[in-house]
Amino acid sequence: MLDAGVFPWMERQQQKSGATTKEEIRGSVLGVWRALQPSMLKKIADRVRLNATKEIDLNGGNSTIE
């Protein structure tokens, strides 16, 4: 669940670089990886935790269906 928030962001950032060769792509991906901040990971982990808690509270149900 955590990577669902990280990898799409990383992909969008990498695609912005316009890298086309293997070397450019490798460098771009490395740059994006280095730009990933611990605060971002914490924010995503907190959101996953909140969503999991809500799902448990709903017994796996949907809040719009009663």
# chains A, B, ... in the order shown; residues from 1 in each chain; ligands from 1
call {"tool": "select_by_dssp", "arguments": {"residues": "range 7-58 of chain A", "states": "alpha helix (DSSP H)", "output": "ChimeraX atom specification"}}
result
/A:7-16,22-35,38-57
call {"tool": "write_last_selection", "arguments": {"atoms": "C-alpha atoms", "output": "PDB file, in the first residue's frame"}}
result
ATOM      1  CA  PHE A   7       6.072   4.960  -7.217  1.00  0.00           C
ATOM      2  CA  PRO A   8       3.505   6.986  -9.212  1.00  0.00           C
ATOM      3  CA  TRP A   9       5.161  10.182  -7.941  1.00  0.00           C
ATOM      4  CA  MET A  10       8.590   8.826  -8.845  1.00  0.00           C
ATOM      5  CA  GLU A  11       7.377   7.859 -12.323  1.00  0.00           C
ATOM      6  CA  ARG A  12       5.887  11.313 -12.945  1.00  0.00           C
ATOM      7  CA  GLN A  13       9.098  12.999 -11.799  1.00  0.00           C
ATOM      8  CA  GLN A  14      11.256  10.756 -13.955  1.00  0.00           C
ATOM      9  CA  GLN A  15       9.098  11.298 -17.042  1.00  0.00           C
ATOM     10  CA  LYS A  16       9.473  15.061 -16.666  1.00  0.00           C
ATOM     11  CA  LYS A  22      19.622   4.093 -20.924  1.00  0.00           C
ATOM     12  CA  GLU A  23      22.227   6.298 -19.250  1.00  0.00           C
ATOM     13  CA  GLU A  24      19.897   9.312 -19.068  1.00  0.00           C
ATOM     14  CA  ILE A  25      17.081   7.226 -17.633  1.00  0.00           C
ATOM     15  CA  ARG A  26      19.393   5.676 -15.049  1.00  0.00           C
ATOM     16  CA  GLY A  27      20.617   9.133 -14.010  1.00  0.00           C
ATOM     17  CA  SER A  28      17.089  10.523 -13.905  1.00  0.00           C
ATOM     18  CA  VAL A  29      15.781   7.662 -11.772  1.00  0.00           C
ATOM     19  CA  LEU A  30      18.723   8.033  -9.398  1.00  0.00           C
ATOM     20  CA  GLY A  31      18.040  11.770  -9.117  1.00  0.00           C
ATOM     21  CA  VAL A  32      14.359  11.159  -8.367  1.00  0.00           C
ATOM     22  CA  TRP A  33      15.278   8.519  -5.761  1.00  0.00           C
ATOM     23  CA  ARG A  34      17.624  10.981  -4.063  1.00  0.00           C
ATOM     24  CA  ALA A  35      14.910  13.670  -4.103  1.00  0.00           C
ATOM     25  CA  PRO A  38      11.597  11.112   4.552  1.00  0.00           C
ATOM     26  CA  SER A  39       8.788  13.586   5.279  1.00  0.00           C
ATOM     27  CA  MET A  40       7.011  12.443   2.112  1.00  0.00           C
ATOM     28  CA  LEU A  41       7.287   8.800   3.172  1.00  0.00           C
ATOM     29  CA  LYS A  42       5.927   9.679   6.606  1.00  0.00           C
ATOM     30  CA  LYS A  43       2.977  11.524   5.075  1.00  0.00           C
ATOM     31  CA  ILE A  44       2.160   8.555   2.859  1.00  0.00           C
ATOM     32  CA  ALA A  45       2.541   6.084   5.736  1.00  0.00           C
ATOM     33  CA  ASP A  46       0.232   8.215   7.887  1.00  0.00           C
ATOM     34  CA  ARG A  47      -2.367   8.257   5.114  1.00  0.00           C
ATOM     35  CA  VAL A  48      -2.152   4.474   4.688  1.00  0.00           C
ATOM     36  CA  ARG A  49      -2.542   4.027   8.438  1.00  0.00           C
ATOM     37  CA  LEU A  50      -5.601   6.327   8.508  1.00  0.00           C
ATOM     38  CA  ASN A  51      -7.199   4.574   5.535  1.00  0.00           C
ATOM     39  CA  ALA A  52      -6.585   1.140   7.073  1.00  0.00           C
ATOM     40  CA  THR A  53      -8.159   2.302  10.345  1.00  0.00           C
ATOM     41  CA  LYS A  54     -11.217   3.592   8.479  1.00  0.00           C
ATOM     42  CA  GLU A  55     -11.525   0.313   6.610  1.00  0.00           C
ATOM     43  CA  ILE A  56     -11.368  -1.627   9.879  1.00  0.00           C
ATOM     44  CA  ASP A  57     -14.018   0.663  11.400  1.00  0.00           C
TER      45      ASP A  57
END
